[in-house]
Amino acid sequence: METVKYNDYIALANAINGRFSSSLERYENYYGLEEELQFGKHDGYLYEISQYDVDIIEAALSFAGEEPAMPALDSAVKNLAPKMLDMISLINEMNTYYDLKNYIDDVFILRI
């Protein structure tokens with residue numbers, strides 16, 4: 001069981017360093033990290049994060065409460081995974097917004 005749990009945590013690390021990280025970097029590059037967005041330098045979408053990555057995060061979260069205990073890792077996963085899932089939901093919602101060009105309907109385009 002230890003190997004399975006450890007491998008699941010490795011899969012979580014790979015998910016973090018994959019599409020999740022790439023999407024956050026893309027957001028930072030296009031919109032900045034300031035309270036006010038930097039308009040005019042984006043091309044309209046972020047990278048969607050797949051259900052596969054969501055499943056990996058949820059699996060890691062479920063393993064965090066199981067034996068064998070890995071206190072430091074378990075605690076980190078219990079703290080991080082729910083925040084990642086919330087961010088993924090928001091990232092995918094933003095991606096859909098740009099993909100469907102909803103910004104045209106809500107006049108977002110006039111701010112660019």
# chains A, B, ... in the order shown; residues from 1 in each chain; ligands from 1

call {"tool": "residues_around", "arguments": {"residues": "Tyr52 in chain A", "least_positions_apart": "6", "cutoff": "12 Å", "atoms": "only C-alpha atoms", "output": "list in words"}}
result
Ala11, Leu12, Asn14, Ala15, Gly18, Arg19, Phe20, Glu58, Ala59 and Ile88 of chain A

call {"tool": "select_by_dssp", "arguments": {"residues": "chain A", "states": "helix (DSSP H, G or I)", "output": "PyMOL selection string"}}
result
chain A and resi 2-31+51-63+71-99+102-105+108-111

call {"tool": "residues_around", "arguments": {"residues": "Ser75 in chain A", "least_positions_apart": "4", "cutoff": "8 Å", "atoms": "only C-alpha atoms", "output": "list in words"}}
result
Ala64, Pro71 and Asn79 of chain A

call {"tool": "atom_distance", "arguments": {"atom1": "CA of Leu85 in chain A", "atom2": "CA of Tyr27 in chain A"}}
result
16.8 Å

call {"tool": "closest_residue", "arguments": {"among": "A:Ser23, A:Asn7, A:Ala81, A:Asp106", "to": "Ser50 in chain A", "atoms": "only C-alpha atoms"}}
result
A:Ser23

call {"tool": "residues_around", "arguments": {"residues": "Leu73 in chain A", "least_positions_apart": "2", "cutoff": "12 Å", "atoms": "only C-alpha atoms", "output": "PyMOL selection string"}}
result
chain A and resi 5-6+8-10+12-13+60-61+63-66+68-71+75-81

call {"tool": "atom_distance", "arguments": {"atom1": "CA of Ala72 in chain A", "atom2": "CA of Met87 in chain A"}}
result
22.6 Å

call {"tool": "closest_residue", "arguments": {"among": "A:Glu34, A:Asp55, A:Glu48, A:Glu25", "to": "Asn95 in chain A", "atoms": "only C-alpha atoms"}}
result
A:Glu48
